[in-house]
Amino acid sequence: MIFAVQRFLEDHFERRGFADLDQYAIRVANAFERLGPKVTEDTLARELARLRTVFFRRNHDLDRRTFEAELAATLRRRFQKKKTERSFKKFERGLTPVRARLGARRRSIAAVLFEFKRAVEARAVDSLWVSRKKHRLRSRPEQIAQGLLAVFARGVIGTDGLVLREIASGIGFVDVGISFGSVLHLIELKILKGQFTGANQLATYMKTEARGKGWLVLFDVRRDHQRNVVPARIDTPVGSIRTLIVDMNPVVPHAT
């Protein structure tokens, strides 16, 4: 991966017109490779600050601390994406029995989403975490959650339906839409860290799209002692919202 990082940095610097007289791009790539893609943005930025370079004297308009913080965030986003894509593919490969179960009964959005919950809790709990033990989420966890649902829905629905992401609705975007025919099911996803949110946002989309039902899928990352009850159904002036909780932080069973 080190060469991919180096090429990316060299192209990045060239596009922005930066002079790299002492191979700062290579030094940064080596630091990123040494620390590994699981490194946090703060740790990577601190490591970059230790590098000896004339890069910032040559490009004197740059504030080194700000630039290296932005660079650390960019590298984490770009090169963790490949790892995310690999985890999506692994997740998709395990969907054969799910397709069989869904094919054996009348298909409904409720059945699809409950099978999604079951599949994620069985094989993809760690997909949102840098460290579940230290309770550190990966960057942009809601986008990872959207990706998991999109991969799952396409994998089990196939050509029998339509799966859409980031659907423009009024001045916002519905996270995921799933259609088996003429009806588009609206699904909003949220990372549940404390009190749940998203119901008002989803109700706005339901009003815009003239839909009387919507689904709020909550990826629950709360610690066990922080959990309170989330209503299974929320009635709004425009219709009803069903909630579905996906447990992303299960309690480890103790041997007896």
# chains A, B, ... in the order shown; residues from 1 in each chain; ligands from 1

$ select_by_dssp --residues "region 65-179 of chain A" --states "helix (DSSP H, G or I)" --output "PyMOL selection string"
chain A and resi 65-93+96-103+109-123+125-128+141-160

$ residues_around --residues "region 210-224 of chain A" --least-positions-apart "2" --cutoff "6 Å" --atoms "only C-alpha atoms" --output "list in words"
Leu186, Ile187, Glu188, Leu189, Lys190, Ile191, Leu192, Lys193, Met206, Lys207, Thr208, Gln226, Arg227, Gly239, Ser240, Ile241, Arg242, Thr243, Leu244, Ile245, Val246, Asp247, Met248 and Asn249 of chain A

$ write_last_selection --atoms "N, CA and C atoms" --output "mmCIF file, in the first residue's frame"
data_model
loop_
_atom_site.group_PDB
_atom_site.id
_atom_site.type_symbol
_atom_site.label_atom_id
_atom_site.label_comp_id
_atom_site.auth_asym_id
_atom_site.auth_seq_id
_atom_site.Cartn_x
_atom_site.Cartn_y
_atom_site.Cartn_z
ATOM 1 N N LEU A 186 -39.011 4.356 2.259
ATOM 2 C CA LEU A 186 -38.019 5.321 2.707
ATOM 3 C C LEU A 186 -37.359 4.834 3.991
ATOM 4 N N ILE A 187 -36.032 4.837 4.007
ATOM 5 C CA ILE A 187 -35.279 4.319 5.149
ATOM 6 C C ILE A 187 -34.218 5.332 5.549
ATOM 7 N N GLU A 188 -34.281 5.760 6.782
ATOM 8 C CA GLU A 188 -33.279 6.662 7.341
ATOM 9 C C GLU A 188 -32.430 5.867 8.338
ATOM 10 N N LEU A 189 -31.110 6.057 8.286
ATOM 11 C CA LEU A 189 -30.207 5.353 9.182
ATOM 12 C C LEU A 189 -29.518 6.340 10.110
ATOM 13 N N LYS A 190 -29.388 5.961 11.378
ATOM 14 C CA LYS A 190 -28.713 6.798 12.360
ATOM 15 C C LYS A 190 -27.826 5.933 13.251
ATOM 16 N N ILE A 191 -26.732 6.536 13.708
ATOM 17 C CA ILE A 191 -25.891 5.893 14.710
ATOM 18 C C ILE A 191 -26.441 6.299 16.070
ATOM 19 N N LEU A 192 -26.865 5.330 16.850
ATOM 20 C CA LEU A 192 -27.511 5.603 18.135
ATOM 21 C C LEU A 192 -26.449 5.633 19.235
ATOM 22 N N LYS A 193 -26.088 6.865 19.663
ATOM 23 C CA LYS A 193 -25.072 7.051 20.697
ATOM 24 C C LYS A 193 -25.689 7.431 22.035
ATOM 25 N N MET A 206 -41.073 11.868 4.375
ATOM 26 C CA MET A 206 -42.342 11.183 4.114
ATOM 27 C C MET A 206 -43.379 12.159 3.586
ATOM 28 N N LYS A 207 -43.421 13.366 4.157
ATOM 29 C CA LYS A 207 -44.365 14.381 3.679
ATOM 30 C C LYS A 207 -44.034 14.792 2.253
ATOM 31 N N THR A 208 -42.748 15.023 1.973
ATOM 32 C CA THR A 208 -42.329 15.439 0.631
ATOM 33 C C THR A 208 -42.644 14.369 -0.410
ATOM 34 N N GLN A 226 -25.940 2.459 29.243
ATOM 35 C CA GLN A 226 -26.491 3.701 28.699
ATOM 36 C C GLN A 226 -27.794 3.492 27.938
ATOM 37 N N ARG A 227 -28.204 2.265 27.792
ATOM 38 C CA ARG A 227 -29.323 1.977 26.895
ATOM 39 C C ARG A 227 -30.669 2.215 27.562
ATOM 40 N N GLY A 239 -47.725 10.261 9.138
ATOM 41 C CA GLY A 239 -47.773 8.808 9.047
ATOM 42 C C GLY A 239 -46.968 8.152 10.156
ATOM 43 N N SER A 240 -46.796 6.849 10.068
ATOM 44 C CA SER A 240 -46.129 6.097 11.120
ATOM 45 C C SER A 240 -44.702 5.726 10.716
ATOM 46 N N ILE A 241 -43.819 5.741 11.709
ATOM 47 C CA ILE A 241 -42.425 5.370 11.509
ATOM 48 C C ILE A 241 -42.140 4.121 12.340
ATOM 49 N N ARG A 242 -41.650 3.086 11.708
ATOM 50 C CA ARG A 242 -41.199 1.886 12.411
ATOM 51 C C ARG A 242 -39.714 2.024 12.708
ATOM 52 N N THR A 243 -39.306 1.626 13.889
ATOM 53 C CA THR A 243 -37.890 1.656 14.237
ATOM 54 C C THR A 243 -37.342 0.230 14.282
ATOM 55 N N LEU A 244 -36.082 0.117 13.931
ATOM 56 C CA LEU A 244 -35.396 -1.177 13.974
ATOM 57 C C LEU A 244 -34.008 -0.937 14.562
ATOM 58 N N ILE A 245 -33.676 -1.639 15.629
ATOM 59 C CA ILE A 245 -32.388 -1.459 16.285
ATOM 60 C C ILE A 245 -31.444 -2.585 15.884
ATOM 61 N N VAL A 246 -30.269 -2.188 15.391
ATOM 62 C CA VAL A 246 -29.211 -3.144 15.065
ATOM 63 C C VAL A 246 -28.148 -3.011 16.154
ATOM 64 N N ASP A 247 -27.933 -4.059 16.896
ATOM 65 C CA ASP A 247 -27.015 -4.019 18.039
ATOM 66 C C ASP A 247 -25.576 -4.128 17.556
ATOM 67 N N MET A 248 -24.858 -3.008 17.577
ATOM 68 C CA MET A 248 -23.470 -2.983 17.126
ATOM 69 C C MET A 248 -22.478 -3.037 18.291
ATOM 70 N N ASN A 249 -22.980 -3.168 19.506
ATOM 71 C CA ASN A 249 -22.103 -3.233 20.673
ATOM 72 C C ASN A 249 -22.635 -4.261 21.665
#

$ residues_around --residues "Gln143 (chain A)" --least-positions-apart "3" --cutoff "10 Å" --atoms "only C-alpha atoms" --output "list in words"
Leu128, Ser139, Arg140, Gln146, Gly147, Leu148, Leu149, Asp175, Leu189 and Lys190 of chain A

$ select_by_dssp --residues "region 121-251 of chain A" --states "strand (DSSP E or B)" --output "number ranges by chain"
A: 129-131, 136-137, 162-169, 172-179, 184-192, 213-220, 233-236, 239-247

$ atom_distance --atom1 "CA of Val163 (chain A)" --atom2 "CA of Ile178 (chain A)"
4.7 Å

$ residues_around --residues "region 12-26 of chain A" --least-positions-apart "5" --cutoff "7 Å" --atoms "only C-alpha atoms" --output "PyMOL selection string"
chain A and resi 6+53-55+58-59

$ write_last_selection --atoms "N, CA and C atoms" --output "mmCIF file, in the first residue's frame"
data_model
loop_
_atom_site.group_PDB
_atom_site.id
_atom_site.type_symbol
_atom_site.label_atom_id
_atom_site.label_comp_id
_atom_site.auth_asym_id
_atom_site.auth_seq_id
_atom_site.Cartn_x
_atom_site.Cartn_y
_atom_site.Cartn_z
ATOM 1 N N GLN A 6 2.114 6.875 -1.679
ATOM 2 C CA GLN A 6 3.123 7.793 -2.232
ATOM 3 C C GLN A 6 2.635 8.433 -3.522
ATOM 4 N N THR A 53 11.676 18.102 7.457
ATOM 5 C CA THR A 53 11.438 18.396 6.047
ATOM 6 C C THR A 53 11.561 19.899 5.789
ATOM 7 N N VAL A 54 11.906 20.226 4.545
ATOM 8 C CA VAL A 54 11.914 21.639 4.136
ATOM 9 C C VAL A 54 10.632 21.990 3.395
ATOM 10 N N PHE A 55 9.696 21.045 3.348
ATOM 11 C CA PHE A 55 8.458 21.213 2.594
ATOM 12 C C PHE A 55 7.743 22.509 2.972
ATOM 13 N N ARG A 58 9.586 25.738 1.967
ATOM 14 C CA ARG A 58 9.446 25.987 0.530
ATOM 15 C C ARG A 58 8.035 26.451 0.191
ATOM 16 N N ASN A 59 7.045 25.860 0.840
ATOM 17 C CA ASN A 59 5.635 26.241 0.628
ATOM 18 C C ASN A 59 5.190 27.038 1.852
#

$ atom_distance --atom1 "CA of Ile109 (chain A)" --atom2 "CA of Pro237 (chain A)"
22.0 Å

$ closest_residue --among "A:Glu70, A:Asp235, A:Asp160, A:Glu115" --to "Leu48 (chain A)" --atoms "only C-alpha atoms"
A:Glu70

$ closest_residue --among "A:Thr40, A:Leu202, A:Arg93, A:Ala110" --to "Trp129 (chain A)" --atoms "only C-alpha atoms"
A:Thr40
